[in-house]
Amino acid sequence: MLRPRIMPCLLIKNGGLVKTVKFSTPKYVGDPLNAVKIFNEKEADELIVLNIDATISGEAPDFKMIEHLAAECRMPLCYGGGVRTVEQAKTIIGLGVEKVALSSAVLENPELVTLISKEVGSQSIVVVLDVKKKKLGTGYEIWTHNATVNTGKCPIEFSQEIEKLGVGEIVLNSIDNDGEMKGYDLVLAKKVREVTTVPLSILGGAGSLKDIGNLINHFGIIGAAAGSLFVFKGVYKAVLINYPNPMEKDELIRSYSSGKL
C-alpha cells in the first residue's frame with residue numbers, strides 16, 4: 001500500500017553536514033556518515049543528500065563520498081549535487097544510489113531528464129526546484145546556485161514541462177521557508193499538485209511533526225522532507241539527530257490521513 005514518505009534531507013558543504021537558513025549562513029552540524037548511521041537505526045523511510053557546494057564551484061560529483069554513503073545507507077538514497085551529464089547519473093546509480101537529483105542542469109537543459117531516464121529509468125530521476133516568492137505581486141520563481149541566480153521560470157509551468165519529459169519525482173524546496181521551522185509552503189505545494197501527477201515531495205520549513213501531519217492531511221500520498229527538524233532539538237536548536245519511531249510515524253500518518261487532527 002502506498003504511504004506518505006517522511007525523509008530527512010542532509011546538506012553537505014566542504015565534506016561536512018550543514019544546515020542553512022534561507023539558503024545562507026550554513027552551520028556545521030556533524031559528519032554525514034555518522035548521520036546516515038543514526039537514520040539507519042531509526043528506520044527512516046528515505047534519505048536525501050545534497051552537496052550544496054558542487055554547482056557553485058562547478059565541481060563534478062564526489063563519487064568516492066557517494067560510494068561511502070551508499071554503502072552505509074540501509075534505506076533508499078537520493079543524491080544530488082553537481083550532476084550534469086548522463087554518464088555522471090549512470091555512475092551514481094551504479095554505486096548503489098536509488099535516485100539521482102538534478103537541479104540547475106535541468107533548468108538549463110530540460111531534455112536532460114529524458115536522456116537520463118532512458119538510461120537509468122524515470123523512477124530514478126528527481127528534479128529539485130528551489131523556489132522563492134516574487135518580491136512584487138504574486139507568484140513564484142525558480143532560483144539556482146544556492147538561491148543566487150534567478151531563472152525567472154515559474155515552478156508550476158516547469159513542473160508540467162518536466163513531467164512530460166519523464167521525471168520520476170519533483171522536490172519543491174521553499175527558499176523563503178528554509179530553516180525557519182514555521183511550516184511548509186502549502187500554497188506552493190497545492191499549485192504544483194493540481195497540475196502534475198508524478199510523485200511530489202515538499203521541503204523547507206518543517207518545525208514539528210505537526211507540520212508533517214498537516215502536509216499529509218492536505219495531500220495524502222506525498223513526500224515530507226525536512227532538514228532542521230531532524231538535526232536540531234529544542235528551542236535552543238541543540239544538534240541532535242532525531243526521527244519518529246515506527247509507532248509514532250504510523251500514528252502520525254493514520255491520524256492526519258483520517259482527518260482526526
# chains A, B, ... in the order shown; residues from 1 in each chain; ligands from 1
call {"tool": "select_by_dssp", "arguments": {"residues": "range 120-251 of chain A", "states": "alpha helix (DSSP H)", "output": "mmCIF file with N, CA and C atoms, in the first residue's frame"}}
result
data_model
loop_
_atom_site.group_PDB
_atom_site.id
_atom_site.type_symbol
_atom_site.label_atom_id
_atom_site.label_comp_id
_atom_site.auth_asym_id
_atom_site.auth_seq_id
_atom_site.Cartn_x
_atom_site.Cartn_y
_atom_site.Cartn_z
ATOM 1 N N VAL A 120 18.620 5.131 -17.019
ATOM 2 C CA VAL A 120 18.504 4.564 -15.661
ATOM 3 C C VAL A 120 17.059 4.359 -15.219
ATOM 4 N N PRO A 155 7.648 27.726 -11.314
ATOM 5 C CA PRO A 155 7.724 26.323 -10.899
ATOM 6 C C PRO A 155 6.506 25.498 -11.298
ATOM 7 N N ILE A 156 5.347 26.135 -11.380
ATOM 8 C CA ILE A 156 4.144 25.387 -11.770
ATOM 9 C C ILE A 156 4.253 24.961 -13.226
ATOM 10 N N GLU A 157 4.598 25.889 -14.098
ATOM 11 C CA GLU A 157 4.737 25.581 -15.519
ATOM 12 C C GLU A 157 5.902 24.636 -15.774
ATOM 13 N N PHE A 158 7.011 24.847 -15.067
ATOM 14 C CA PHE A 158 8.183 23.997 -15.296
ATOM 15 C C PHE A 158 7.940 22.574 -14.798
ATOM 16 N N SER A 159 7.177 22.432 -13.733
ATOM 17 C CA SER A 159 6.832 21.092 -13.241
ATOM 18 C C SER A 159 6.051 20.320 -14.296
ATOM 19 N N GLN A 160 5.137 20.989 -14.970
ATOM 20 C CA GLN A 160 4.380 20.356 -16.052
ATOM 21 C C GLN A 160 5.307 19.938 -17.192
ATOM 22 N N GLU A 161 6.271 20.799 -17.489
ATOM 23 C CA GLU A 161 7.206 20.520 -18.587
ATOM 24 C C GLU A 161 8.053 19.284 -18.297
ATOM 25 N N ILE A 162 8.620 19.205 -17.097
ATOM 26 C CA ILE A 162 9.500 18.071 -16.811
ATOM 27 C C ILE A 162 8.715 16.779 -16.585
ATOM 28 N N GLU A 163 7.453 16.888 -16.196
ATOM 29 C CA GLU A 163 6.630 15.683 -16.119
ATOM 30 C C GLU A 163 6.480 15.072 -17.515
ATOM 31 N N LYS A 164 6.237 15.906 -18.518
ATOM 32 C CA LYS A 164 6.113 15.421 -19.892
ATOM 33 C C LYS A 164 7.419 14.822 -20.396
ATOM 34 N N LEU A 165 8.541 15.300 -19.878
ATOM 35 C CA LEU A 165 9.846 14.815 -20.310
ATOM 36 C C LEU A 165 10.260 13.524 -19.608
ATOM 37 N N LEU A 186 2.294 25.467 1.910
ATOM 38 C CA LEU A 186 1.223 24.614 1.403
ATOM 39 C C LEU A 186 0.582 25.192 0.144
ATOM 40 N N VAL A 187 0.641 26.501 -0.003
ATOM 41 C CA VAL A 187 0.080 27.137 -1.205
ATOM 42 C C VAL A 187 0.880 26.708 -2.437
ATOM 43 N N LEU A 188 2.196 26.767 -2.332
ATOM 44 C CA LEU A 188 3.059 26.333 -3.431
ATOM 45 C C LEU A 188 2.823 24.863 -3.743
ATOM 46 N N ALA A 189 2.774 24.042 -2.711
ATOM 47 C CA ALA A 189 2.547 22.609 -2.910
ATOM 48 C C ALA A 189 1.232 22.353 -3.642
ATOM 49 N N LYS A 190 0.197 23.073 -3.252
ATOM 50 C CA LYS A 190 -1.122 22.900 -3.869
ATOM 51 C C LYS A 190 -1.097 23.278 -5.348
ATOM 52 N N LYS A 191 -0.418 24.360 -5.669
ATOM 53 C CA LYS A 191 -0.368 24.820 -7.057
ATOM 54 C C LYS A 191 0.298 23.782 -7.965
ATOM 55 N N VAL A 192 1.350 23.161 -7.484
ATOM 56 C CA VAL A 192 2.042 22.157 -8.296
ATOM 57 C C VAL A 192 1.277 20.839 -8.315
ATOM 58 N N ARG A 193 0.708 20.457 -7.160
ATOM 59 C CA ARG A 193 -0.037 19.194 -7.096
ATOM 60 C C ARG A 193 -1.245 19.211 -8.028
ATOM 61 N N LEU A 209 6.481 17.636 14.026
ATOM 62 C CA LEU A 209 5.757 16.551 13.379
ATOM 63 C C LEU A 209 4.361 17.003 12.968
ATOM 64 N N LYS A 210 3.816 18.001 13.667
ATOM 65 C CA LYS A 210 2.505 18.532 13.299
ATOM 66 C C LYS A 210 2.552 19.136 11.895
ATOM 67 N N ASP A 211 3.662 19.791 11.543
ATOM 68 C CA ASP A 211 3.794 20.346 10.203
ATOM 69 C C ASP A 211 3.760 19.235 9.152
ATOM 70 N N ILE A 212 4.423 18.132 9.455
ATOM 71 C CA ILE A 212 4.389 16.983 8.538
ATOM 72 C C ILE A 212 2.971 16.438 8.456
ATOM 73 N N GLY A 213 2.303 16.347 9.605
ATOM 74 C CA GLY A 213 0.926 15.873 9.628
ATOM 75 C C GLY A 213 -0.003 16.749 8.810
ATOM 76 N N ASN A 214 0.175 18.058 8.905
ATOM 77 C CA ASN A 214 -0.653 18.984 8.123
ATOM 78 C C ASN A 214 -0.443 18.775 6.623
ATOM 79 N N LEU A 215 0.802 18.530 6.234
ATOM 80 C CA LEU A 215 1.101 18.281 4.827
ATOM 81 C C LEU A 215 0.390 17.016 4.350
ATOM 82 N N ILE A 216 0.461 15.961 5.151
ATOM 83 C CA ILE A 216 -0.210 14.700 4.808
ATOM 84 C C ILE A 216 -1.719 14.889 4.766
ATOM 85 N N ASN A 217 -2.242 15.662 5.704
ATOM 86 C CA ASN A 217 -3.677 15.907 5.760
ATOM 87 C C ASN A 217 -4.171 16.615 4.495
ATOM 88 N N HIS A 218 -3.353 17.511 3.961
ATOM 89 C CA HIS A 218 -3.739 18.255 2.765
ATOM 90 C C HIS A 218 -3.593 17.434 1.488
ATOM 91 N N PHE A 219 -2.546 16.591 1.424
ATOM 92 C CA PHE A 219 -2.205 15.988 0.135
ATOM 93 C C PHE A 219 -2.171 14.458 0.125
ATOM 94 N N SER A 228 16.160 20.776 9.271
ATOM 95 C CA SER A 228 16.313 21.242 10.656
ATOM 96 C C SER A 228 15.564 20.369 11.652
ATOM 97 N N LEU A 229 14.361 19.958 11.302
ATOM 98 C CA LEU A 229 13.530 19.159 12.211
ATOM 99 C C LEU A 229 14.246 17.909 12.679
ATOM 100 N N PHE A 230 15.055 17.324 11.800
ATOM 101 C CA PHE A 230 15.685 16.044 12.110
ATOM 102 C C PHE A 230 17.144 16.157 12.557
ATOM 103 N N VAL A 231 17.676 17.391 12.636
ATOM 104 C CA VAL A 231 19.045 17.550 13.149
ATOM 105 C C VAL A 231 19.115 18.439 14.377
ATOM 106 N N PRO A 246 8.870 3.971 14.576
ATOM 107 C CA PRO A 246 7.826 3.390 13.717
ATOM 108 C C PRO A 246 6.407 3.574 14.247
ATOM 109 N N MET A 247 6.217 3.447 15.559
ATOM 110 C CA MET A 247 4.881 3.618 16.116
ATOM 111 C C MET A 247 4.417 5.063 16.007
ATOM 112 N N GLU A 248 5.309 6.008 16.297
ATOM 113 C CA GLU A 248 4.965 7.433 16.186
ATOM 114 C C GLU A 248 4.631 7.794 14.739
ATOM 115 N N LYS A 249 5.403 7.244 13.816
ATOM 116 C CA LYS A 249 5.182 7.538 12.406
ATOM 117 C C LYS A 249 3.845 6.978 11.926
ATOM 118 N N ASP A 250 3.541 5.744 12.323
ATOM 119 C CA ASP A 250 2.266 5.135 11.932
ATOM 120 C C ASP A 250 1.084 5.919 12.484
ATOM 121 N N GLU A 251 1.194 6.343 13.745
ATOM 122 C CA GLU A 251 0.110 7.093 14.372
ATOM 123 C C GLU A 251 -0.052 8.458 13.712
#
call {"tool": "select_by_dssp", "arguments": {"residues": "range 8-255 of chain A", "states": "strand (DSSP E)", "output": "PyMOL selection string"}}
result
chain A and resi 8-13+16-21+24-30+47-51+77-80+99-102+125-133+140-144+149-150+169-174+200-203+223-226+232-233+238-239
call {"tool": "atom_distance", "arguments": {"atom1": "CA of Lys99 in chain A", "atom2": "CA of Ile125 in chain A"}}
result
5.9 Å
call {"tool": "closest_residue", "arguments": {"among": "A:Pro76, A:Gly96, A:Gly166, A:Gly183", "to": "Lys118 in chain A", "atoms": "only C-alpha atoms"}}
result
A:Gly166
